[in-house]
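Source file: protein36.txt (compact mmCIF, C-alpha atoms and all ligand atoms)
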# COMPACT_ATOMS: atom_id res chain seq x y z
CA MET D 1 154.56 -12.55 143.30
CA ILE D 2 152.14 -13.62 140.53
CA LYS D 3 151.10 -17.15 141.25
CA LYS D 4 149.02 -19.06 138.75
CA LYS D 5 146.40 -21.04 140.58
CA GLN D 6 145.73 -24.54 139.34
CA LYS D 7 142.93 -25.35 141.74
CA ARG D 8 139.81 -23.24 141.61
CA PRO D 9 140.67 -20.40 144.00
CA LYS D 10 138.63 -19.26 146.98
CA ILE D 11 137.79 -15.61 147.44
CA CYS D 12 138.88 -13.90 150.61
CA THR D 13 138.72 -10.43 152.10
CA ILE D 14 138.96 -8.73 155.49
CA GLY D 15 135.77 -8.15 157.44
CA SER D 16 134.92 -4.49 157.07
CA HIS D 17 134.21 -1.82 154.41
CA CYS D 18 132.57 -3.83 151.56
CA SER D 19 133.37 -7.40 152.59
CA LEU D 20 129.71 -8.46 152.60
CA GLN D 21 129.24 -7.31 149.04
CA VAL D 22 132.49 -8.94 147.88
CA LEU D 23 131.77 -12.32 149.46
CA LYS D 24 128.09 -12.34 148.49
CA GLY D 25 129.15 -11.60 144.89
CA ALA D 26 131.76 -14.37 145.03
CA LYS D 27 129.19 -16.86 146.26
CA ASP D 28 126.76 -15.80 143.50
CA GLU D 29 129.50 -16.63 140.98
CA GLY D 30 130.02 -20.06 142.56
CA PHE D 31 133.16 -19.49 144.65
CA SER D 32 133.92 -20.63 148.19
CA THR D 33 134.45 -17.63 150.43
CA ILE D 34 136.76 -16.78 153.33
CA LEU D 35 136.49 -13.86 155.72
CA ILE D 36 139.44 -12.61 157.78
CA CYS D 37 137.58 -11.47 160.87
CA GLU D 38 138.67 -9.60 163.96
CA LYS D 39 137.22 -11.54 166.91
CA LYS D 40 135.40 -8.46 168.18
CA ARG D 41 133.46 -8.22 164.89
CA TYR D 42 132.24 -11.82 164.76
CA ASN D 43 128.83 -10.87 166.09
CA ILE D 44 128.13 -9.15 162.76
CA TYR D 45 129.63 -11.63 160.37
CA LYS D 46 128.24 -14.82 161.93
CA ARG D 47 124.86 -14.00 160.36
CA PHE D 48 125.65 -14.49 156.68
CA ALA D 49 125.31 -17.87 155.00
CA PHE D 50 127.45 -16.88 152.01
CA ILE D 51 130.57 -16.78 154.24
CA ASP D 52 131.96 -20.34 154.15
CA HIS D 53 135.03 -20.00 156.31
CA ILE D 54 136.18 -17.49 158.92
CA LEU D 55 139.83 -16.97 159.78
CA PHE D 56 139.97 -15.20 163.16
CA VAL D 57 142.60 -12.58 163.92
CA ASP D 58 143.04 -10.30 166.92
CA ARG D 59 143.88 -7.39 164.64
CA PHE D 60 143.92 -7.13 160.82
CA GLU D 61 147.69 -6.55 160.95
CA ASN D 62 148.03 -10.24 161.95
CA ILE D 63 147.83 -11.17 158.28
CA LEU D 64 151.39 -9.89 157.96
CA GLU D 65 152.47 -12.91 160.02
CA LYS D 66 153.67 -15.98 158.16
CA PRO D 67 151.38 -18.57 159.83
CA TYR D 68 148.30 -16.63 158.71
CA GLN D 69 149.62 -16.23 155.18
CA ASP D 70 150.51 -19.93 155.03
CA ARG D 71 147.00 -20.83 156.14
CA LEU D 72 145.44 -18.57 153.49
CA ASN D 73 147.68 -20.09 150.82
CA GLU D 74 146.77 -23.62 151.94
CA LEU D 75 143.15 -22.58 151.46
CA ASP D 76 144.16 -21.44 147.96
CA CYS D 77 142.69 -18.00 148.25
CA ILE D 78 142.82 -14.75 146.32
CA ILE D 79 142.57 -11.66 148.52
CA ILE D 80 140.37 -8.76 147.43
CA PRO D 81 141.83 -5.48 148.72
CA HIS D 82 139.58 -2.67 149.95
CA GLY D 83 139.73 0.55 151.97
CA THR D 84 140.17 -1.09 155.37
CA LEU D 85 143.21 -3.01 154.17
CA ILE D 86 144.94 0.18 153.08
CA ALA D 87 143.84 2.02 156.21
CA ASN D 88 145.50 -0.67 158.37
CA LEU D 89 148.65 -1.54 156.41
CA ASN D 90 151.23 0.68 154.75
CA SER D 91 152.29 0.32 151.12
CA ASP D 92 155.45 -1.68 151.91
CA GLN D 93 153.43 -4.12 153.99
CA ILE D 94 150.79 -4.53 151.29
CA GLU D 95 153.40 -5.10 148.59
CA GLY D 96 155.10 -7.73 150.76
CA ILE D 97 152.07 -9.91 151.55
CA ASN D 98 152.66 -13.38 150.17
CA ILE D 99 149.10 -14.05 149.04
CA PRO D 100 147.78 -13.51 145.48
CA PHE D 101 146.04 -10.14 145.26
CA PHE D 102 143.24 -9.22 142.92
CA GLY D 103 144.24 -6.11 140.96
CA ASN D 104 147.52 -4.21 140.92
CA ARG D 105 148.79 -4.04 144.50
CA PHE D 106 151.54 -1.59 143.46
CA ILE D 107 149.05 1.11 142.49
CA LEU D 108 147.79 1.27 146.08
CA ARG D 109 150.99 3.19 146.90
CA TRP D 110 149.90 5.81 144.36
CA GLU D 111 146.55 6.08 146.10
CA ALA D 112 148.15 6.52 149.55
CA ASP D 113 150.74 9.15 148.56
CA ARG D 114 149.31 12.59 147.74
CA LEU D 115 152.12 13.56 145.37
CA LEU D 116 152.04 10.31 143.39
CA LYS D 117 148.27 10.55 143.33
CA GLU D 118 148.34 14.01 141.82
CA LYS D 119 150.94 12.91 139.25
CA LEU D 120 148.73 10.04 138.08
CA MET D 121 145.63 12.21 137.93
CA ARG D 122 147.38 14.88 135.89
CA SER D 123 148.79 12.23 133.57
CA ALA D 124 145.22 10.98 133.05
CA ARG D 125 144.34 14.55 132.00
CA LEU D 126 141.78 14.88 134.78
CA ASN D 127 140.98 18.41 135.93
CA VAL D 128 142.35 18.59 139.46
CA PRO D 129 142.04 21.35 142.08
CA ASN D 130 144.96 23.76 142.26
CA THR D 131 147.08 23.13 145.32
CA VAL D 132 148.79 25.74 147.43
CA LYS D 133 152.38 24.99 148.44
CA THR D 134 152.54 27.01 151.66
CA LYS D 135 150.11 28.79 153.93
CA ASP D 136 151.48 32.17 152.78
CA GLU D 137 150.01 31.54 149.33
CA ILE D 138 146.45 30.86 150.52
CA ASP D 139 144.31 33.47 148.75
CA ARG D 140 140.99 31.61 148.36
CA LEU D 141 138.89 29.03 150.17
CA CYS D 142 140.90 25.81 150.62
CA ILE D 143 140.11 22.45 152.20
CA VAL D 144 143.15 21.42 154.20
CA LYS D 145 143.74 17.67 154.28
CA LEU D 146 146.01 15.23 156.05
CA ARG D 147 148.52 13.47 153.82
CA GLY D 148 147.56 9.85 153.19
CA ALA D 149 144.09 8.33 152.92
CA ALA D 150 142.24 9.82 155.88
CA GLY D 151 138.61 9.49 154.74
CA GLY D 152 137.74 13.09 155.56
CA ARG D 153 138.74 13.02 159.24
CA GLY D 154 140.60 16.11 160.42
CA TYR D 155 139.99 18.18 157.28
CA PHE D 156 139.39 21.88 157.83
CA MET D 157 138.68 25.00 155.80
CA ALA D 158 141.19 27.82 155.48
CA TRP D 159 140.87 31.08 153.56
CA ASP D 160 144.00 32.87 154.77
CA LYS D 161 147.11 32.30 156.83
CA GLN D 162 145.39 32.90 160.15
CA SER D 163 142.56 30.43 159.56
CA PHE D 164 145.17 27.88 158.43
CA ASN D 165 147.25 28.41 161.58
CA GLU D 166 144.18 28.00 163.80
CA GLY D 167 143.10 24.77 162.12
CA CYS D 168 146.64 23.41 162.11
CA GLN D 169 147.10 24.20 165.80
CA ARG D 170 143.93 22.32 166.69
CA LEU D 171 145.24 19.22 164.92
CA VAL D 172 148.67 19.51 166.56
CA ASN D 173 147.10 19.99 170.02
CA SER D 174 144.88 16.96 169.58
CA GLY D 175 147.85 14.85 168.43
CA VAL D 176 146.45 14.18 164.94
CA ILE D 177 149.54 15.66 163.25
CA GLU D 178 153.00 16.64 164.43
CA ARG D 179 153.80 19.51 162.09
CA GLU D 180 152.13 21.63 159.46
CA GLU D 181 154.12 19.91 156.70
CA ASP D 182 151.81 16.93 157.32
CA LEU D 183 149.05 18.94 155.66
CA TYR D 184 148.10 19.30 152.00
CA ILE D 185 146.21 22.37 150.77
CA PRO D 186 143.97 22.00 147.68
CA GLU D 187 141.52 24.73 146.79
CA TYR D 188 137.92 24.09 147.77
CA ILE D 189 135.78 23.30 144.71
CA GLN D 190 132.23 24.51 144.93
CA GLY D 191 129.55 22.28 143.45
CA VAL D 192 128.23 18.78 144.13
CA PRO D 193 130.61 16.00 145.20
CA VAL D 194 130.14 12.80 143.20
CA PHE D 195 131.87 9.39 143.26
CA LEU D 196 132.11 7.52 139.94
CA HIS D 197 132.53 3.72 140.17
CA TYR D 198 134.32 1.95 137.34
CA PHE D 199 135.56 -1.52 136.47
CA TYR D 200 138.31 -2.19 133.95
CA SER D 201 138.55 -5.67 132.46
CA PRO D 202 141.97 -6.56 131.04
CA LEU D 203 140.33 -9.61 129.44
CA SER D 204 138.01 -7.57 127.23
CA ASP D 205 140.05 -4.33 127.43
CA GLU D 206 136.82 -2.48 128.29
CA VAL D 207 135.97 0.12 130.91
CA GLU D 208 132.55 -0.41 132.51
CA PHE D 209 130.77 2.35 134.40
CA MET D 210 129.19 0.52 137.35
CA GLY D 211 127.46 3.24 139.37
CA VAL D 212 127.65 6.55 141.13
CA ASP D 213 127.04 7.71 144.68
CA ARG D 214 127.35 10.71 146.87
CA ARG D 215 128.55 10.52 150.43
CA TYR D 216 126.75 11.47 153.59
CA GLU D 217 129.36 13.06 155.83
CA SER D 218 129.25 14.15 159.43
CA ASP D 219 128.94 16.83 160.36
CA ILE D 220 129.19 18.88 157.17
CA ASP D 221 125.93 17.39 155.84
CA GLY D 222 124.17 18.21 159.11
CA ILE D 223 125.11 21.86 159.12
CA ALA D 224 122.41 22.78 156.61
CA ARG D 225 119.87 21.65 159.23
CA ILE D 226 120.88 24.50 161.50
CA PRO D 227 119.18 27.79 160.55
CA SER D 228 121.58 30.55 159.49
CA LYS D 229 120.88 32.72 162.55
CA GLN D 230 122.10 29.96 164.88
CA GLN D 231 124.98 29.06 162.56
CA LEU D 232 126.30 32.59 162.84
CA ASN D 233 126.17 32.52 166.62
CA VAL D 234 128.06 29.33 167.35
CA THR D 235 131.51 28.24 166.30
CA ILE D 236 131.13 25.42 163.79
CA GLU D 237 134.19 23.58 162.51
CA PRO D 238 132.82 21.13 159.97
CA THR D 239 134.27 17.65 159.62
CA TYR D 240 133.98 15.29 156.62
CA ASN D 241 133.72 11.93 158.31
CA VAL D 242 131.91 9.48 156.00
CA ILE D 243 128.84 7.93 157.62
CA GLY D 244 127.15 6.41 154.60
CA ASN D 245 126.37 6.75 150.91
CA ILE D 246 123.40 7.95 148.89
CA PRO D 247 122.53 6.67 145.38
CA LEU D 248 122.60 8.97 142.39
CA VAL D 249 122.09 8.88 138.66
CA LEU D 250 123.73 11.41 136.36
CA ARG D 251 122.27 13.37 133.51
CA GLU D 252 122.67 11.06 130.53
CA SER D 253 124.58 13.73 128.63
CA LEU D 254 127.38 13.50 131.23
CA LEU D 255 128.07 9.84 130.47
CA GLU D 256 130.27 10.45 127.47
CA GLU D 257 132.75 12.37 129.60
CA VAL D 258 132.43 9.85 132.43
CA TYR D 259 133.59 7.09 130.06
CA ARG D 260 136.30 9.26 128.55
CA MET D 261 137.74 10.06 132.01
CA GLY D 262 137.67 6.36 133.00
CA GLU D 263 139.43 5.33 129.80
CA ASN D 264 142.09 8.04 130.13
CA PHE D 265 142.67 6.99 133.72
CA VAL D 266 143.21 3.35 132.72
CA LYS D 267 145.71 4.39 130.03
CA ALA D 268 147.64 6.56 132.50
CA THR D 269 147.87 3.69 135.01
CA GLN D 270 149.17 1.35 132.30
CA LYS D 271 151.88 3.85 131.45
CA LEU D 272 152.93 4.83 134.99
CA VAL D 273 152.20 1.71 137.08
CA PRO D 274 152.18 -1.37 134.85
CA PRO D 275 150.17 -3.52 134.44
CA GLY D 276 147.66 -0.71 135.14
CA ILE D 277 144.40 -1.14 136.95
CA PRO D 278 142.66 -4.46 136.44
CA GLY D 279 139.39 -4.36 138.39
CA PRO D 280 137.45 -1.63 140.15
CA PHE D 281 138.43 2.00 140.74
CA CYS D 282 136.70 5.24 141.57
CA LEU D 283 137.11 8.84 140.43
CA GLU D 284 136.00 11.26 143.09
CA GLY D 285 135.28 14.90 142.45
CA VAL D 286 132.92 17.82 142.26
CA TYR D 287 130.63 18.83 139.39
CA THR D 288 130.81 22.62 139.23
CA LYS D 289 127.96 24.92 138.22
CA ASP D 290 129.10 24.53 134.61
CA ALA D 291 128.89 20.72 134.97
CA ASP D 292 132.68 20.39 134.72
CA PHE D 293 134.11 17.52 136.76
CA ILE D 294 137.05 18.54 138.98
CA SER D 295 138.58 15.43 140.48
CA PHE D 296 140.09 15.64 143.96
CA GLU D 297 140.82 11.93 144.55
CA PHE D 298 140.86 8.46 143.11
CA SER D 299 140.60 5.08 144.77
CA ALA D 300 142.54 2.33 143.04
CA ARG D 301 140.28 -0.48 144.32
CA ILE D 302 136.65 -1.11 145.19
CA VAL D 303 135.01 1.74 147.16
CA ALA D 304 132.38 1.42 149.88
CA GLY D 305 129.92 3.52 147.85
CA THR D 306 129.38 0.42 145.68
CA ASN D 307 127.65 -1.20 148.70
CA LEU D 308 124.54 0.63 147.54
CA TYR D 309 124.28 -1.62 144.52
CA ILE D 310 124.46 -5.19 145.83
CA ALA D 311 121.49 -5.96 143.58
CA GLY D 312 122.97 -4.01 140.66
CA SER D 313 122.84 -0.31 139.78
CA PRO D 314 120.97 1.60 137.08
CA TYR D 315 124.24 1.46 135.09
CA SER D 316 125.23 -2.17 135.69
CA ASP D 317 121.67 -3.14 134.73
CA LEU D 318 122.37 -1.70 131.28
CA LEU D 319 125.50 -3.84 130.87
CA PHE D 320 124.69 -7.20 132.53
CA GLU D 321 121.79 -9.61 132.58
CA ASN D 322 122.41 -10.57 136.21
CA GLU D 323 122.16 -8.27 139.19
CA MET D 324 125.81 -7.22 139.11
CA SER D 325 127.44 -5.58 142.11
CA THR D 326 131.06 -4.50 141.83
CA GLY D 327 131.91 -7.34 144.25
CA ARG D 328 130.23 -9.84 141.96
CA ARG D 329 131.95 -8.27 138.95
CA ILE D 330 135.32 -8.98 140.59
CA ALA D 331 134.33 -12.63 141.06
CA LEU D 332 133.14 -12.86 137.45
CA GLU D 333 136.50 -11.55 136.23
CA ILE D 334 138.34 -14.10 138.37
CA LYS D 335 136.05 -16.86 137.08
CA ARG D 336 136.63 -15.90 133.44
CA SER D 337 140.37 -15.52 133.80
CA PHE D 338 140.63 -18.80 135.71
CA SER D 339 138.81 -20.72 133.00
CA ASN D 340 140.95 -19.09 130.25
CA GLN D 341 144.13 -19.70 132.30
CA GLN D 342 144.73 -15.96 132.38
CA LEU D 343 144.71 -15.36 136.12
CA ASP D 344 148.06 -13.61 135.77
CA LYS D 345 146.21 -10.76 133.98
CA VAL D 346 144.14 -9.94 137.08
CA LEU D 347 146.47 -10.86 139.98
CA THR D 348 149.69 -9.45 141.36
P1 LIG D 401 138.47 12.75 150.51
O1 LIG D 401 138.94 12.18 151.82
O2 LIG D 401 139.55 13.44 149.76
O3 LIG D 401 137.71 11.75 149.72
O4 LIG D 401 137.43 13.92 150.86
C1 LIG D 401 136.38 13.83 151.82
C2 LIG D 401 135.32 14.83 151.49
O5 LIG D 401 135.86 16.16 151.47
C3 LIG D 401 134.68 14.65 150.12
O6 LIG D 401 133.62 13.74 150.13
C4 LIG D 401 134.21 16.04 149.78
O7 LIG D 401 132.97 16.31 150.40
C5 LIG D 401 135.22 16.92 150.44
N1 LIG D 401 136.29 17.40 149.53
C6 LIG D 401 137.50 16.85 149.36
N2 LIG D 401 138.26 17.58 148.52
C7 LIG D 401 137.50 18.61 148.12
C8 LIG D 401 137.73 19.75 147.27
N3 LIG D 401 138.92 19.96 146.67
N4 LIG D 401 136.72 20.62 147.12
C9 LIG D 401 135.54 20.43 147.73
N5 LIG D 401 135.28 19.42 148.58
C10 LIG D 401 136.24 18.51 148.77

Would you mind writing the file out in structure tokens?
Ligand code: AMP
Amino acid sequence: MIKKKQKRPKICTIGSHCSLQVLKGAKDEGFSTILICEKKRYNIYKRFAFIDHILFVDRFENILEKPYQDRLNELDCIIIPHGTLIANLNSDQIEGINIPFFGNRFILRWEADRLLKEKLMRSARLNVPNTVKTKDEIDRLCIVKLRGAAGGRGYFMAWDKQSFNEGCQRLVNSGVIEREEDLYIPEYIQGVPVFLHYFYSPLSDEVEFMGVDRRYESDIDGIARIPSKQQLNVTIEPTYNVIGNIPLVLRESLLEEVYRMGENFVKATQKLVPPGIPGPFCLEGVYTKDADFISFEFSARIVAGTNLYIAGSPYSDLLFENEMSTGRRIALEIKRSFSNQQLDKVLT
């Protein structure tokens, strides 16, 4: 699948999630840009001068069709994967796309599959929440999740078998799941949820810490606005649907561990899913009251929380002279590897 590009490539992504950041960053690094745009979303994307070319599709899944892939290859493009791509296509479909991908497309399967995900995180020696195998073993507060990347939708809290059964029944009745085996039961970690954005460069063999955010989720983040008296008198089933992101900086003393976790993660990916993880990734977890980081997820590609830092973050400002978003950092890596004829190090 690796295809060395002779002509200067164009940078392409699908219109959602962090596409504006990616294409703006590509333009800042001197690339031509292509957006794969659902027709119904054109009203948003028509506004931005840094988008050079728009390829219209009815649905994102259209890019599985040969004529679209041929057109993108004629345009000589590299596709930058993000969360909307993996929300719309399954791992087999992603692995089969005949367009050069930035990063390791095979690791996206490890992001989508809860068991593979946990294996990789444990191999990276991250602290992960304990998981409960069956509802009969639930003896503490748990956050019950759907298998696969669901972005917080449908999650519910369970503290015993009955609360699990109630939550599960609601999901079955509303058609979200078919059976309780579709659920995954990690313990709930109390503390503050934090999302750590990294970039690994195979050219320099360095991990760069690019920024950190917290999420603003509906309606769990709205519940604190309801006084406790009213909370106790109405049934509230919180959901964790991401609405946006909030910037954050960490205590400087936490940075050493942040870098250590990023470096261990890169090594684990190189061992389990060669060639590893060229490009951006995110470790997602909770800092407990003892400031220990318990990691409940990773994303093996750019995350939408990086949209906060289109003009650079407090951390990227320490590493780069330019205003360096993660999208721009991707373009810079492609530019460097193209001029050294090392594109095969960053593409699959
Ligand atoms: P996820 O889809 O796994 O990224 O999770 C969505 C949201 O659920 C996160 O932003 C957290 O607020 C929350 N969450 C997920 N897993 C845990 C956990 N094990 N403990 C506490 N909160 C969690």

Open item on the list: Env of Gly30 in chain D: 10 Å cut, atoms = all atoms listed in the file, seq-sep filter 6 positions within chain, self excluded. Answer as a VMD selection string.
Closed with: chain D and resid 10 24 331 to 332 335

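Near range 219-224 of chain D, within 10 Å and counting only C-alpha atoms, sit Arg215, Ser228, Gln231, Ile236, Glu237, Pro238, Thr239, Tyr240, Asn241, Val242 and Ile243 of chain D, not including residues fewer than 4 positions from it in the same chain.
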
- [ ] Could you pull out the residues sitting within 9 Å of ligand LIG 401 (chain D), using only C-alpha atoms and all ligand atoms, and write them as a PyMOL selection string?
- [x] chain D and resi 128-131+142-146+149-153+155+185-195+214-217+220-221+239-242+284-286+294-299

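For the choices D:Asp52, D:Lys40, D:Phe293, D:Leu283, the atom-to-atom distance to Ala26 in chain D is smallest for D:Asp52 when using only C-alpha atoms.
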
TODO: Quote the spacing between CA of Leu126 in chain D and CA of Glu206 in chain D in Å to one decimal place.
DONE: 19.2 Å

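Nearest residue to Arg140 in chain D, choosing from D:Asp28, D:Glu257, D:Asp160, D:Glu118 and counting all atoms listed in the file: D:Asp160.
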
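Taking CA of Ala158 in chain D and CA of Leu141 in chain D as endpoints, the distance between them is 5.9 Å.
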
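Across the structure, CA of Phe56 in chain D and CA of Ile34 in chain D are spaced 10.5 Å apart.
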
Near range 310-319 of chain D, 9 Å: range 169-230 of chain D residue rows, closest pairs, all atoms listed in the file, as a Markdown table:
| residue | atom | partner | partner_atom | distance |
| --- | --- | --- | --- | --- |
| D:Glu208 | CA | D:Leu319 | CA | 8.0 |
| D:Phe209 | CA | D:Tyr315 | CA | 6.6 |
| D:Met210 | CA | D:Ser316 | CA | 5.1 |
| D:Gly211 | CA | D:Tyr315 | CA | 5.6 |
| D:Val212 | CA | D:Ser313 | CA | 8.5 |
